[in-house]
$ cat final23.txt   # compact mmCIF, C-alpha atoms
# COMPACT_ATOMS: atom_id res chain seq x y z
CA MET X 1 19.18 -9.69 47.21
CA LYS X 2 15.89 -9.54 45.32
CA ASN X 3 15.40 -12.67 43.30
CA GLU X 4 12.40 -11.99 41.14
CA SER X 5 12.56 -15.26 39.23
CA GLY X 6 11.63 -17.25 42.33
CA PHE X 7 14.61 -19.57 41.76
CA CYS X 8 17.94 -19.89 43.44
CA ASN X 9 21.08 -21.92 42.84
CA VAL X 10 22.61 -23.63 45.88
CA THR X 11 26.32 -24.44 45.48
CA ALA X 12 27.98 -26.56 48.16
CA ILE X 13 31.67 -27.46 48.44
CA ILE X 14 31.82 -30.49 50.75
CA ARG X 15 34.37 -33.14 51.78
CA GLY X 16 34.40 -36.10 49.41
CA ASP X 17 33.68 -38.49 52.27
CA ALA X 18 30.49 -36.59 53.20
CA LEU X 19 29.00 -36.98 49.72
CA GLU X 20 27.02 -40.15 50.33
CA LYS X 21 25.32 -38.80 53.46
CA VAL X 22 24.54 -35.49 51.74
CA GLU X 23 23.07 -37.20 48.66
CA ARG X 24 20.83 -39.40 50.83
CA ARG X 25 19.67 -36.44 52.94
CA LEU X 26 18.89 -34.32 49.87
CA GLN X 27 16.84 -37.11 48.36
CA GLU X 28 14.96 -37.54 51.65
CA ILE X 29 13.90 -33.87 51.61
CA GLY X 30 12.77 -34.14 47.99
CA VAL X 31 15.63 -32.48 46.07
CA ASN X 32 15.54 -34.17 42.70
CA GLY X 33 18.08 -32.33 40.63
CA ILE X 34 21.73 -32.33 41.68
CA SER X 35 24.89 -32.03 39.63
CA MET X 36 28.22 -33.01 41.16
CA MET X 37 31.84 -32.52 40.20
CA GLN X 38 35.19 -33.08 41.87
CA VAL X 39 37.17 -29.98 42.80
CA LYS X 40 40.58 -29.37 44.32
CA GLY X 41 40.94 -26.52 46.73
CA TYR X 42 42.34 -24.59 49.59
CA GLY X 43 39.98 -24.06 52.48
CA GLU X 44 39.71 -22.22 55.73
CA TYR X 45 43.13 -23.34 56.98
CA THR X 46 45.99 -25.24 55.45
CA ASN X 47 45.87 -28.82 56.63
CA PHE X 48 48.80 -29.48 58.97
CA TYR X 49 49.18 -33.05 57.73
CA ASN X 50 49.02 -31.97 54.12
CA PRO X 51 51.70 -29.32 53.60
CA GLU X 52 50.52 -28.60 50.09
CA GLY X 53 47.22 -27.58 51.62
CA LEU X 54 45.31 -28.94 48.67
CA THR X 55 42.23 -31.01 49.42
CA SER X 56 39.85 -33.04 47.31
CA HIS X 57 36.26 -31.88 47.64
CA VAL X 58 33.02 -32.29 45.74
CA ARG X 59 30.98 -29.40 44.41
CA LEU X 60 27.19 -29.84 44.30
CA ASP X 61 24.87 -27.55 42.35
CA ILE X 62 21.13 -27.52 42.91
CA TYR X 63 18.50 -25.36 41.18
CA THR X 64 15.43 -24.92 43.31
CA ALA X 65 12.66 -22.55 44.42
CA ALA X 66 14.13 -19.56 46.29
CA LYS X 67 11.99 -20.39 49.33
CA CYS X 68 13.71 -23.80 49.67
CA CYS X 69 17.33 -22.57 49.65
CA ASP X 70 17.69 -22.13 53.37
CA ASP X 71 16.25 -25.59 54.15
CA ILE X 72 18.62 -27.19 51.67
CA ALA X 73 21.61 -25.35 53.13
CA GLN X 74 20.59 -26.48 56.63
CA ALA X 75 20.13 -30.09 55.49
CA ILE X 76 23.60 -30.15 53.90
CA MET X 77 25.22 -28.62 57.00
CA GLU X 78 23.52 -31.10 59.36
CA VAL X 79 25.13 -34.11 57.71
CA ALA X 80 28.34 -32.61 56.24
CA SER X 81 29.65 -30.86 59.35
CA SER X 82 32.45 -32.69 61.16
CA GLY X 83 33.46 -29.60 63.15
CA VAL X 84 36.96 -29.59 61.68
CA PRO X 85 38.31 -26.94 59.26
CA GLY X 86 37.84 -28.07 55.71
CA ASP X 87 34.15 -28.94 56.00
CA GLY X 88 33.45 -26.47 53.19
CA ILE X 89 30.77 -23.92 52.45
CA VAL X 90 27.29 -23.54 51.02
CA ALA X 91 26.51 -20.49 48.87
CA VAL X 92 23.16 -19.32 47.52
CA HIS X 93 23.09 -17.50 44.15
CA PRO X 94 20.32 -15.60 42.39
CA VAL X 95 19.02 -17.13 39.15
CA GLY X 96 17.34 -15.25 36.32
CA LYS X 97 15.51 -18.03 34.49
CA VAL X 98 15.41 -21.84 34.24
CA TYR X 99 14.48 -23.86 31.15
CA ARG X 100 13.78 -27.60 31.00
CA ILE X 101 15.44 -28.99 27.88
CA ARG X 102 13.03 -31.95 27.50
CA GLN X 103 10.03 -29.61 27.25
CA ARG X 104 11.97 -26.90 25.41
CA LYS X 105 10.52 -24.16 27.59
CA ALA X 106 11.13 -21.97 30.63
CA VAL X 107 9.70 -23.44 33.84
CA GLY X 108 8.51 -21.87 37.08
CA PRO X 109 10.05 -22.55 40.51
CA ASP X 110 7.27 -24.99 41.43
CA GLU X 111 7.81 -27.08 38.30
CA LEU X 112 11.38 -28.18 39.07
CA MET R 1 24.11 -4.86 40.23
CA LYS R 2 23.14 -4.38 43.85
CA ASN R 3 24.67 -7.07 46.00
CA GLU R 4 23.09 -6.65 49.40
CA SER R 5 24.71 -9.71 50.95
CA GLY R 6 28.15 -8.10 50.83
CA PHE R 7 29.58 -11.21 49.12
CA CYS R 8 30.62 -11.93 45.59
CA ASN R 9 31.78 -14.99 43.69
CA VAL R 10 34.81 -14.56 41.45
CA THR R 11 35.05 -17.16 38.67
CA ALA R 12 38.21 -17.26 36.58
CA ILE R 13 38.92 -19.41 33.53
CA ILE R 14 42.71 -19.45 33.11
CA ARG R 15 45.33 -21.40 31.14
CA GLY R 16 46.42 -24.56 32.94
CA ASP R 17 50.06 -23.42 32.87
CA ALA R 18 49.19 -20.18 34.70
CA LEU R 19 47.62 -22.00 37.65
CA GLU R 20 50.69 -22.18 39.88
CA LYS R 21 51.43 -18.45 39.56
CA VAL R 22 47.78 -17.56 40.17
CA GLU R 23 47.54 -19.78 43.26
CA ARG R 24 50.70 -18.26 44.72
CA ARG R 25 49.52 -14.69 44.01
CA LEU R 26 46.08 -15.33 45.54
CA GLN R 27 47.63 -16.74 48.70
CA GLU R 28 49.95 -13.70 48.91
CA ILE R 29 46.98 -11.33 48.90
CA GLY R 30 45.19 -13.38 51.57
CA VAL R 31 42.60 -15.33 49.59
CA ASN R 32 42.09 -18.47 51.62
CA GLY R 33 39.24 -20.26 49.92
CA ILE R 34 39.64 -21.42 46.33
CA SER R 35 38.08 -24.31 44.46
CA MET R 36 39.56 -25.47 41.17
CA MET R 37 38.40 -27.75 38.39
CA GLN R 38 39.62 -28.62 34.92
CA VAL R 39 37.50 -27.42 32.03
CA LYS R 40 37.66 -27.81 28.27
CA GLY R 41 36.66 -24.91 26.14
CA TYR R 42 36.61 -22.70 23.15
CA GLY R 43 37.94 -19.21 23.71
CA GLU R 44 38.27 -15.90 21.99
CA TYR R 45 39.74 -17.38 18.79
CA THR R 46 40.31 -20.88 17.54
CA ASN R 47 43.94 -21.80 18.02
CA PHE R 48 45.66 -22.01 14.64
CA TYR R 49 47.85 -24.90 15.80
CA ASN R 50 44.93 -26.77 17.29
CA PRO R 51 42.33 -27.15 14.53
CA GLU R 52 39.80 -28.59 16.95
CA GLY R 53 39.99 -25.32 18.82
CA LEU R 54 39.52 -27.07 22.14
CA THR R 55 41.82 -26.01 24.96
CA SER R 56 42.42 -27.26 28.47
CA HIS R 57 41.86 -24.59 31.07
CA VAL R 58 41.28 -24.43 34.81
CA ARG R 59 38.27 -22.82 36.44
CA LEU R 60 38.77 -21.17 39.82
CA ASP R 61 35.91 -20.16 42.12
CA ILE R 62 36.41 -17.81 45.05
CA TYR R 63 33.81 -16.55 47.53
CA THR R 64 34.82 -13.27 49.08
CA ALA R 65 33.66 -9.88 50.34
CA ALA R 66 32.17 -7.83 47.48
CA LYS R 67 34.66 -5.06 48.15
CA CYS R 68 37.58 -7.44 47.38
CA CYS R 69 36.36 -8.69 44.00
CA ASP R 70 38.07 -6.11 41.88
CA ASP R 71 41.45 -6.56 43.63
CA ILE R 72 41.24 -10.32 43.15
CA ALA R 73 40.37 -9.93 39.47
CA GLN R 74 43.34 -7.55 39.03
CA ALA R 75 45.70 -9.94 40.86
CA ILE R 76 44.65 -12.85 38.64
CA MET R 77 45.05 -10.79 35.45
CA GLU R 78 48.51 -9.54 36.46
CA VAL R 79 49.98 -13.03 36.60
CA ALA R 80 47.73 -14.95 34.14
CA SER R 81 47.99 -12.60 31.17
CA SER R 82 50.37 -13.73 28.44
CA GLY R 83 48.91 -11.30 25.89
CA VAL R 84 47.88 -14.12 23.56
CA PRO R 85 44.24 -15.12 22.82
CA GLY R 86 43.18 -17.91 25.14
CA ASP R 87 44.27 -16.24 28.36
CA GLY R 88 40.70 -16.56 29.62
CA ILE R 89 38.32 -14.38 31.58
CA VAL R 90 37.38 -13.40 35.11
CA ALA R 91 33.69 -12.92 35.97
CA VAL R 92 32.15 -11.53 39.15
CA HIS R 93 28.77 -12.89 40.26
CA PRO R 94 26.36 -11.71 42.95
CA VAL R 95 25.85 -14.06 45.92
CA GLY R 96 22.79 -14.18 48.16
CA LYS R 97 24.14 -15.90 51.25
CA VAL R 98 27.15 -17.96 52.42
CA TYR R 99 27.12 -20.64 55.13
CA ARG R 100 30.16 -22.28 56.73
CA ILE R 101 29.46 -25.99 57.10
CA ARG R 102 31.80 -26.51 60.09
CA GLN R 103 29.90 -23.92 62.15
CA ARG R 104 26.52 -24.84 60.65
CA LYS R 105 25.56 -21.17 60.21
CA ALA R 106 25.44 -18.30 57.75
CA VAL R 107 28.55 -16.08 57.89
CA GLY R 108 29.16 -12.44 57.03
CA PRO R 109 31.57 -11.22 54.33
CA ASP R 110 34.26 -10.38 56.92
CA GLU R 111 34.16 -13.89 58.39
CA LEU R 112 35.31 -15.77 55.29
CA MET W 1 15.99 -9.77 37.79
CA LYS W 2 17.70 -6.51 36.89
CA ASN W 3 21.11 -7.16 35.39
CA GLU W 4 22.76 -3.79 35.11
CA SER W 5 26.08 -5.09 33.83
CA GLY W 6 24.52 -6.13 30.53
CA PHE W 7 26.03 -9.62 30.87
CA CYS W 8 24.58 -12.96 31.76
CA ASN W 9 25.98 -16.42 32.41
CA VAL W 10 24.17 -19.31 30.73
CA THR W 11 24.73 -22.67 32.44
CA ALA W 12 23.44 -25.79 30.71
CA ILE W 13 23.46 -29.36 32.04
CA ILE W 14 23.06 -31.62 28.99
CA ARG W 15 23.40 -35.32 28.14
CA GLY W 16 26.97 -36.24 27.18
CA ASP W 17 25.79 -37.59 23.84
CA ALA W 18 24.19 -34.24 22.93
CA LEU W 19 27.44 -32.32 23.38
CA GLU W 20 28.68 -32.46 19.80
CA LYS W 21 25.39 -31.18 18.38
CA VAL W 22 25.19 -28.42 20.98
CA GLU W 23 28.79 -27.28 20.36
CA ARG W 24 28.18 -27.12 16.60
CA ARG W 25 24.92 -25.19 17.03
CA LEU W 26 26.48 -22.69 19.42
CA GLN W 27 29.35 -22.03 17.03
CA GLU W 28 26.84 -21.55 14.18
CA ILE W 29 25.05 -18.81 16.14
CA GLY W 30 28.35 -17.10 16.96
CA VAL W 31 28.97 -18.11 20.57
CA ASN W 32 32.75 -18.05 20.88
CA GLY W 33 33.40 -18.66 24.54
CA ILE W 34 32.31 -21.93 26.13
CA SER W 35 33.73 -23.88 29.05
CA MET W 36 32.75 -27.49 29.57
CA MET W 37 33.12 -29.98 32.39
CA GLN W 38 31.80 -33.45 33.14
CA VAL W 39 29.29 -33.74 35.95
CA LYS W 40 27.48 -36.61 37.63
CA GLY W 41 23.95 -36.08 38.71
CA TYR W 42 20.43 -36.99 39.56
CA GLY W 43 17.84 -35.50 37.26
CA GLU W 44 14.11 -35.17 36.90
CA TYR W 45 13.41 -38.87 37.49
CA THR W 46 15.52 -41.82 38.46
CA ASN W 47 16.38 -43.81 35.38
CA PHE W 48 14.53 -47.12 35.47
CA TYR W 49 17.44 -48.96 33.82
CA ASN W 50 19.98 -47.39 36.12
CA PRO W 51 18.89 -48.16 39.70
CA GLU W 52 21.60 -45.90 41.12
CA GLY W 53 19.93 -43.05 39.28
CA LEU W 54 23.26 -41.41 38.61
CA THR W 55 23.87 -40.12 35.09
CA SER W 56 26.87 -38.65 33.31
CA HIS W 57 26.18 -35.19 31.94
CA VAL W 58 28.19 -32.24 30.70
CA ARG W 59 27.96 -28.75 32.14
CA LEU W 60 28.48 -25.83 29.75
CA ASP W 61 29.09 -22.25 30.89
CA ILE W 62 28.80 -19.31 28.55
CA TYR W 63 29.31 -15.61 29.33
CA THR W 64 27.43 -13.40 26.94
CA ALA W 65 25.41 -10.21 26.51
CA ALA W 66 22.19 -10.37 28.55
CA LYS W 67 20.14 -9.79 25.41
CA CYS W 68 21.52 -13.03 23.86
CA CYS W 69 20.71 -15.37 26.75
CA ASP W 70 17.28 -16.42 25.59
CA ASP W 71 18.47 -17.16 22.03
CA ILE W 72 21.29 -19.30 23.39
CA ALA W 73 18.93 -21.21 25.69
CA GLN W 74 16.57 -21.83 22.75
CA ALA W 75 19.44 -22.99 20.52
CA ILE W 76 20.63 -25.47 23.15
CA MET W 77 17.11 -26.82 23.72
CA GLU W 78 16.46 -27.28 19.99
CA VAL W 79 19.35 -29.71 19.57
CA ALA W 80 19.65 -31.22 23.09
CA SER W 81 16.03 -32.21 23.61
CA SER W 82 15.29 -35.90 23.10
CA GLY W 83 11.92 -35.68 24.89
CA VAL W 84 12.98 -38.18 27.54
CA PRO W 85 13.59 -37.32 31.24
CA GLY W 86 17.26 -36.60 31.81
CA ASP W 87 17.64 -34.08 28.99
CA GLY W 88 18.80 -31.54 31.56
CA ILE W 89 18.25 -27.85 32.15
CA VAL W 90 19.48 -24.43 31.10
CA ALA W 91 19.78 -21.68 33.74
CA VAL W 92 20.53 -18.00 33.27
CA HIS W 93 22.47 -16.16 36.00
CA PRO W 94 23.14 -12.47 36.54
CA VAL W 95 26.77 -11.35 36.23
CA GLY W 96 28.30 -8.28 37.86
CA LYS W 97 31.40 -7.72 35.73
CA VAL W 98 33.59 -9.52 33.17
CA TYR W 99 37.33 -8.99 32.64
CA ARG W 100 39.41 -10.29 29.72
CA ILE W 101 42.72 -11.57 31.11
CA ARG W 102 44.70 -10.99 27.89
CA GLN W 103 43.86 -7.27 27.92
CA ARG W 104 43.95 -7.02 31.73
CA LYS W 105 40.73 -4.97 31.79
CA ALA W 106 36.97 -5.14 32.28
CA VAL W 107 35.07 -5.53 29.02
CA GLY W 108 31.55 -4.59 27.96
CA PRO W 109 28.88 -7.05 26.82
CA ASP W 110 29.51 -6.24 23.14
CA GLU W 111 33.23 -6.95 23.43
CA LEU W 112 32.95 -10.65 24.32
$ encode --input "final23.txt" --output "structure tokens"
Amino acid sequence: MKNESGFCNVTAIIRGDALEKVERRLQEIGVNGISMMQVKGYGEYTNFYNPEGLTSHVRLDIYTAAKCCDDIAQAIMEVASSGVPGDGIVAVHPVGKVYRIRQRKAVGPDEL
Amino acid sequence: MKNESGFCNVTAIIRGDALEKVERRLQEIGVNGISMMQVKGYGEYTNFYNPEGLTSHVRLDIYTAAKCCDDIAQAIMEVASSGVPGDGIVAVHPVGKVYRIRQRKAVGPDEL
Amino acid sequence: MKNESGFCNVTAIIRGDALEKVERRLQEIGVNGISMMQVKGYGEYTNFYNPEGLTSHVRLDIYTAAKCCDDIAQAIMEVASSGVPGDGIVAVHPVGKVYRIRQRKAVGPDEL
């Protein structure tokens, strides 16, 4: 998909117990804007030991330059993969425009 | 909007009391990845009995093949519509790429 | 980015203490659909007084006509900017389609 703004939004749904490792890794590679929220969900398979199938995961959202999306997805997968169903997904979304509230203006992908 | 990746992201804001019916319906039609979070919000009209106008809703996010988005939206509306303002909305978003963390690789829309 | 649906999704990450002002301002300019959730995050800089760097912010999501996105972003920035790092960001996303659950049908950007 063409993404003329030069930005993308990386959304990751990860296991709660992988959060600390993922946060550390993202800071190491220079990602300095992350928002996090708890989500409940059903994943790839229902968990055999959890008949309700509902798991507790964390959703991360990152706004970054489009050229960095793949590296960020790879970095998350490296530390968040346990090899077991329920590890979650990473999705990359197009973004039209990003504004920084402090400066009250639209910013470019290299200014984030 | 062109969506060359073949994926879409369906976001639904529904009443909290419709969640169980929606979950059951989505599982019936084979949706096997859903993340859910509680949201507060203002909707179509302010609720006469709730002068603050703030309601408690649930947000669902589903990543799926672009060709399934409309069926999922219809399935959600069938069971979540009470006919009263505040029933919420369903929005379909383009998605650039989806990775499965367990496999540490990008997946296609038929692999979700 | 071309946005043929005529809709956009405005996502704002703001300080928790700016929420009331932002809500009031958005209602003044006629925005009548907002969903809100609490997020934790790392922002532009680590807060010197908060060595963990983690802040408590609110995420707002608004679905609106594409032509209104910039006005909404400006309105949020006007009241949410304190001039200090951590004020947050506003991002505009393309949207493929919006359905109103009450009416069980897709709506146009002037019907929201």
$ calpha_fit_and_write --input "final23.txt" --fixed "chain X" --moving "chain W" --output "short mmCIF file (atom, residue, chain, number, x, y, z; two decimals) with C-alpha atoms, keeping the file's coordinate frame"
data_model
loop_
_atom_site.label_atom_id
_atom_site.label_comp_id
_atom_site.auth_asym_id
_atom_site.auth_seq_id
_atom_site.Cartn_x
_atom_site.Cartn_y
_atom_site.Cartn_z
CA MET W 1 19.19 -9.68 47.24
CA LYS W 2 15.91 -9.53 45.36
CA ASN W 3 15.41 -12.66 43.29
CA GLU W 4 12.39 -11.99 41.15
CA SER W 5 12.55 -15.25 39.23
CA GLY W 6 11.63 -17.25 42.32
CA PHE W 7 14.61 -19.57 41.76
CA CYS W 8 17.94 -19.90 43.45
CA ASN W 9 21.08 -21.93 42.83
CA VAL W 10 22.61 -23.62 45.88
CA THR W 11 26.31 -24.43 45.48
CA ALA W 12 27.98 -26.54 48.16
CA ILE W 13 31.67 -27.45 48.44
CA ILE W 14 31.83 -30.49 50.74
CA ARG W 15 34.38 -33.13 51.77
CA GLY W 16 34.39 -36.10 49.39
CA ASP W 17 33.68 -38.48 52.26
CA ALA W 18 30.50 -36.58 53.19
CA LEU W 19 28.99 -36.98 49.72
CA GLU W 20 27.02 -40.16 50.32
CA LYS W 21 25.35 -38.79 53.45
CA VAL W 22 24.55 -35.49 51.74
CA GLU W 23 23.07 -37.20 48.66
CA ARG W 24 20.84 -39.40 50.84
CA ARG W 25 19.68 -36.44 52.94
CA LEU W 26 18.88 -34.33 49.89
CA GLN W 27 16.83 -37.12 48.35
CA GLU W 28 14.96 -37.55 51.67
CA ILE W 29 13.91 -33.88 51.61
CA GLY W 30 12.79 -34.15 47.99
CA VAL W 31 15.62 -32.50 46.08
CA ASN W 32 15.54 -34.20 42.69
CA GLY W 33 18.07 -32.33 40.63
CA ILE W 34 21.72 -32.33 41.67
CA SER W 35 24.90 -32.04 39.63
CA MET W 36 28.22 -33.00 41.15
CA MET W 37 31.84 -32.51 40.19
CA GLN W 38 35.20 -33.08 41.86
CA VAL W 39 37.16 -29.99 42.80
CA LYS W 40 40.57 -29.35 44.31
CA GLY W 41 40.94 -26.51 46.71
CA TYR W 42 42.36 -24.57 49.56
CA GLY W 43 39.98 -24.06 52.44
CA GLU W 44 39.71 -22.21 55.70
CA TYR W 45 43.13 -23.32 56.97
CA THR W 46 45.99 -25.24 55.48
CA ASN W 47 45.84 -28.82 56.65
CA PHE W 48 48.72 -29.48 59.03
CA TYR W 49 49.14 -33.06 57.75
CA ASN W 50 49.01 -31.99 54.14
CA PRO W 51 51.72 -29.35 53.65
CA GLU W 52 50.52 -28.62 50.11
CA GLY W 53 47.22 -27.58 51.65
CA LEU W 54 45.31 -28.93 48.69
CA THR W 55 42.23 -31.02 49.44
CA SER W 56 39.85 -33.05 47.31
CA HIS W 57 36.26 -31.88 47.64
CA VAL W 58 33.02 -32.28 45.74
CA ARG W 59 30.97 -29.40 44.40
CA LEU W 60 27.19 -29.83 44.29
CA ASP W 61 24.85 -27.54 42.35
CA ILE W 62 21.13 -27.51 42.91
CA TYR W 63 18.49 -25.36 41.18
CA THR W 64 15.43 -24.92 43.31
CA ALA W 65 12.67 -22.55 44.42
CA ALA W 66 14.13 -19.56 46.29
CA LYS W 67 11.99 -20.37 49.31
CA CYS W 68 13.71 -23.80 49.66
CA CYS W 69 17.31 -22.58 49.64
CA ASP W 70 17.71 -22.14 53.36
CA ASP W 71 16.24 -25.58 54.15
CA ILE W 72 18.62 -27.19 51.66
CA ALA W 73 21.62 -25.35 53.12
CA GLN W 74 20.60 -26.47 56.63
CA ALA W 75 20.14 -30.08 55.48
CA ILE W 76 23.60 -30.14 53.90
CA MET W 77 25.23 -28.62 56.99
CA GLU W 78 23.53 -31.08 59.36
CA VAL W 79 25.14 -34.10 57.70
CA ALA W 80 28.35 -32.59 56.23
CA SER W 81 29.66 -30.87 59.34
CA SER W 82 32.45 -32.71 61.14
CA GLY W 83 33.47 -29.62 63.15
CA VAL W 84 36.96 -29.61 61.68
CA PRO W 85 38.31 -26.94 59.26
CA GLY W 86 37.84 -28.08 55.68
CA ASP W 87 34.15 -28.94 56.00
CA GLY W 88 33.45 -26.48 53.19
CA ILE W 89 30.77 -23.91 52.46
CA VAL W 90 27.30 -23.54 51.02
CA ALA W 91 26.51 -20.48 48.86
CA VAL W 92 23.17 -19.32 47.50
CA HIS W 93 23.09 -17.51 44.14
CA PRO W 94 20.32 -15.61 42.39
CA VAL W 95 19.02 -17.13 39.14
CA GLY W 96 17.33 -15.24 36.31
CA LYS W 97 15.50 -18.03 34.49
CA VAL W 98 15.41 -21.84 34.24
CA TYR W 99 14.47 -23.87 31.15
CA ARG W 100 13.78 -27.61 31.02
CA ILE W 101 15.43 -29.01 27.89
CA ARG W 102 13.03 -31.96 27.51
CA GLN W 103 10.03 -29.62 27.27
CA ARG W 104 11.97 -26.91 25.40
CA LYS W 105 10.49 -24.17 27.61
CA ALA W 106 11.12 -21.97 30.64
CA VAL W 107 9.70 -23.44 33.84
CA GLY W 108 8.52 -21.87 37.09
CA PRO W 109 10.05 -22.53 40.51
CA ASP W 110 7.27 -24.98 41.44
CA GLU W 111 7.81 -27.06 38.31
CA LEU W 112 11.38 -28.18 39.08
#
$ residues_around --input "final23.txt" --residues "Asp17 in chain R" --least-positions-apart "6" --cutoff "10 Å" --atoms "only C-alpha atoms" --output "list in words"
Ser56, His57, Val58 and Ala80 of chain R
$ closest_residue --input "final23.txt" --among "X:Lys105, X:Lys97, X:Arg15, X:Arg25" --to "chain R" --atoms "all atoms listed in the file"
X:Arg15
$ residues_around --input "final23.txt" --residues "Met36 in chain R" --least-positions-apart "2" --cutoff "6 Å" --atoms "only C-alpha atoms" --output "compact mmCIF listing (two decimals) with C-alpha atoms, in the frame of the given file"
# COMPACT_ATOMS: atom_id res chain seq x y z
CA VAL X 39 37.17 -29.98 42.80
CA LYS X 40 40.58 -29.37 44.32
CA GLY X 41 40.94 -26.52 46.73
CA ARG R 59 38.27 -22.82 36.44
CA LEU R 60 38.77 -21.17 39.82
$ residues_around --input "final23.txt" --residues "Ala65 in chain R" --least-positions-apart "3" --cutoff "12 Å" --atoms "only C-alpha atoms" --output "compact mmCIF listing (two decimals) with C-alpha atoms, in the coordinates of the input"
# COMPACT_ATOMS: atom_id res chain seq x y z
CA ASN R 3 24.67 -7.07 46.00
CA GLU R 4 23.09 -6.65 49.40
CA SER R 5 24.71 -9.71 50.95
CA GLY R 6 28.15 -8.10 50.83
CA PHE R 7 29.58 -11.21 49.12
CA CYS R 8 30.62 -11.93 45.59
CA ASN R 9 31.78 -14.99 43.69
CA VAL R 10 34.81 -14.56 41.45
CA VAL R 31 42.60 -15.33 49.59
CA GLY R 33 39.24 -20.26 49.92
CA ILE R 62 36.41 -17.81 45.05
CA CYS R 68 37.58 -7.44 47.38
CA CYS R 69 36.36 -8.69 44.00
CA ASP R 70 38.07 -6.11 41.88
CA ASP R 71 41.45 -6.56 43.63
CA ILE R 72 41.24 -10.32 43.15
CA VAL R 92 32.15 -11.53 39.15
CA HIS R 93 28.77 -12.89 40.26
CA PRO R 94 26.36 -11.71 42.95
CA VAL R 95 25.85 -14.06 45.92
CA GLY R 96 22.79 -14.18 48.16
CA LYS R 97 24.14 -15.90 51.25
CA VAL R 98 27.15 -17.96 52.42
CA VAL R 107 28.55 -16.08 57.89
CA GLY R 108 29.16 -12.44 57.03
CA PRO R 109 31.57 -11.22 54.33
CA ASP R 110 34.26 -10.38 56.92
CA GLU R 111 34.16 -13.89 58.39
CA LEU R 112 35.31 -15.77 55.29
$ interface_residues --input "final23.txt" --of "chain W" --to "chain X" --cutoff "8 Å" --atoms "all atoms listed in the file" --output "list in words"
Met1, Gln38, Val39, Lys40, Gly41, Tyr42, Gly43, Glu44, Tyr45, Ala73, Gln74, Ile76, Met77, Glu78, Ala80, Ser81, Ser82, Gly83, Val84, Pro85, Gly86, Asp87, Gly88, Ile89, Val90, Ala91, Val92, His93 and Pro94 of chain W
$ atom_distance --input "final23.txt" --atom1 "CA of Ile29 in chain X" --atom2 "CA of Ala66 in chain X"
15.3 Å
$ atom_distance --input "final23.txt" --atom1 "CA of Val22 in chain R" --atom2 "CA of Ile13 in chain X"
20.6 Å
$ atom_distance --input "final23.txt" --atom1 "CA of Gly30 in chain R" --atom2 "CA of Ile14 in chain R"
19.6 Å
$ decode --input "final23.txt" --residues "range 99-108 of chain R" --atoms "N, CA, C and O atoms" --output "PDB file, in the first residue's frame"
ATOM      1  N   TYR R  99       2.283  -9.654  10.647  1.00  0.00           N
ATOM      2  CA  TYR R  99       3.291 -10.646  11.022  1.00  0.00           C
ATOM      3  C   TYR R  99       2.727 -11.513  12.146  1.00  0.00           C
ATOM      4  O   TYR R  99       2.075 -10.985  13.053  1.00  0.00           O
ATOM      5  N   ARG R 100       3.016 -12.807  12.124  1.00  0.00           N
ATOM      6  CA  ARG R 100       2.665 -13.657  13.270  1.00  0.00           C
ATOM      7  C   ARG R 100       3.916 -13.829  14.120  1.00  0.00           C
ATOM      8  O   ARG R 100       4.955 -14.310  13.638  1.00  0.00           O
ATOM      9  N   ILE R 101       3.812 -13.433  15.389  1.00  0.00           N
ATOM     10  CA  ILE R 101       4.984 -13.404  16.260  1.00  0.00           C
ATOM     11  C   ILE R 101       5.552 -14.812  16.475  1.00  0.00           C
ATOM     12  O   ILE R 101       6.767 -15.018  16.422  1.00  0.00           O
ATOM     13  N   ARG R 102       4.677 -15.805  16.690  1.00  0.00           N
ATOM     14  CA  ARG R 102       5.131 -17.176  16.925  1.00  0.00           C
ATOM     15  C   ARG R 102       6.058 -17.659  15.815  1.00  0.00           C
ATOM     16  O   ARG R 102       7.081 -18.298  16.081  1.00  0.00           O
ATOM     17  N   GLN R 103       5.695 -17.371  14.569  1.00  0.00           N
ATOM     18  CA  GLN R 103       6.480 -17.843  13.429  1.00  0.00           C
ATOM     19  C   GLN R 103       7.565 -16.846  13.008  1.00  0.00           C
ATOM     20  O   GLN R 103       8.348 -17.122  12.101  1.00  0.00           O
ATOM     21  N   ARG R 104       7.558 -15.687  13.633  1.00  0.00           N
ATOM     22  CA  ARG R 104       8.520 -14.623  13.327  1.00  0.00           C
ATOM     23  C   ARG R 104       8.550 -14.265  11.839  1.00  0.00           C
ATOM     24  O   ARG R 104       9.628 -14.077  11.256  1.00  0.00           O
ATOM     25  N   LYS R 105       7.385 -14.208  11.196  1.00  0.00           N
ATOM     26  CA  LYS R 105       7.378 -13.842   9.770  1.00  0.00           C
ATOM     27  C   LYS R 105       6.054 -13.207   9.368  1.00  0.00           C
ATOM     28  O   LYS R 105       5.020 -13.405  10.032  1.00  0.00           O
ATOM     29  N   ALA R 106       6.096 -12.472   8.273  1.00  0.00           N
ATOM     30  CA  ALA R 106       4.889 -11.882   7.699  1.00  0.00           C
ATOM     31  C   ALA R 106       4.003 -13.017   7.174  1.00  0.00           C
ATOM     32  O   ALA R 106       4.506 -14.020   6.660  1.00  0.00           O
ATOM     33  N   VAL R 107       2.691 -12.866   7.321  1.00  0.00           N
ATOM     34  CA  VAL R 107       1.755 -13.894   6.836  1.00  0.00           C
ATOM     35  C   VAL R 107       0.840 -13.279   5.781  1.00  0.00           C
ATOM     36  O   VAL R 107       0.701 -12.054   5.686  1.00  0.00           O
ATOM     37  N   GLY R 108       0.230 -14.131   4.990  1.00  0.00           N
ATOM     38  CA  GLY R 108      -0.731 -13.690   3.982  1.00  0.00           C
ATOM     39  C   GLY R 108      -2.141 -13.701   4.552  1.00  0.00           C
ATOM     40  O   GLY R 108      -2.378 -14.298   5.612  1.00  0.00           O
TER      41      GLY R 108
END
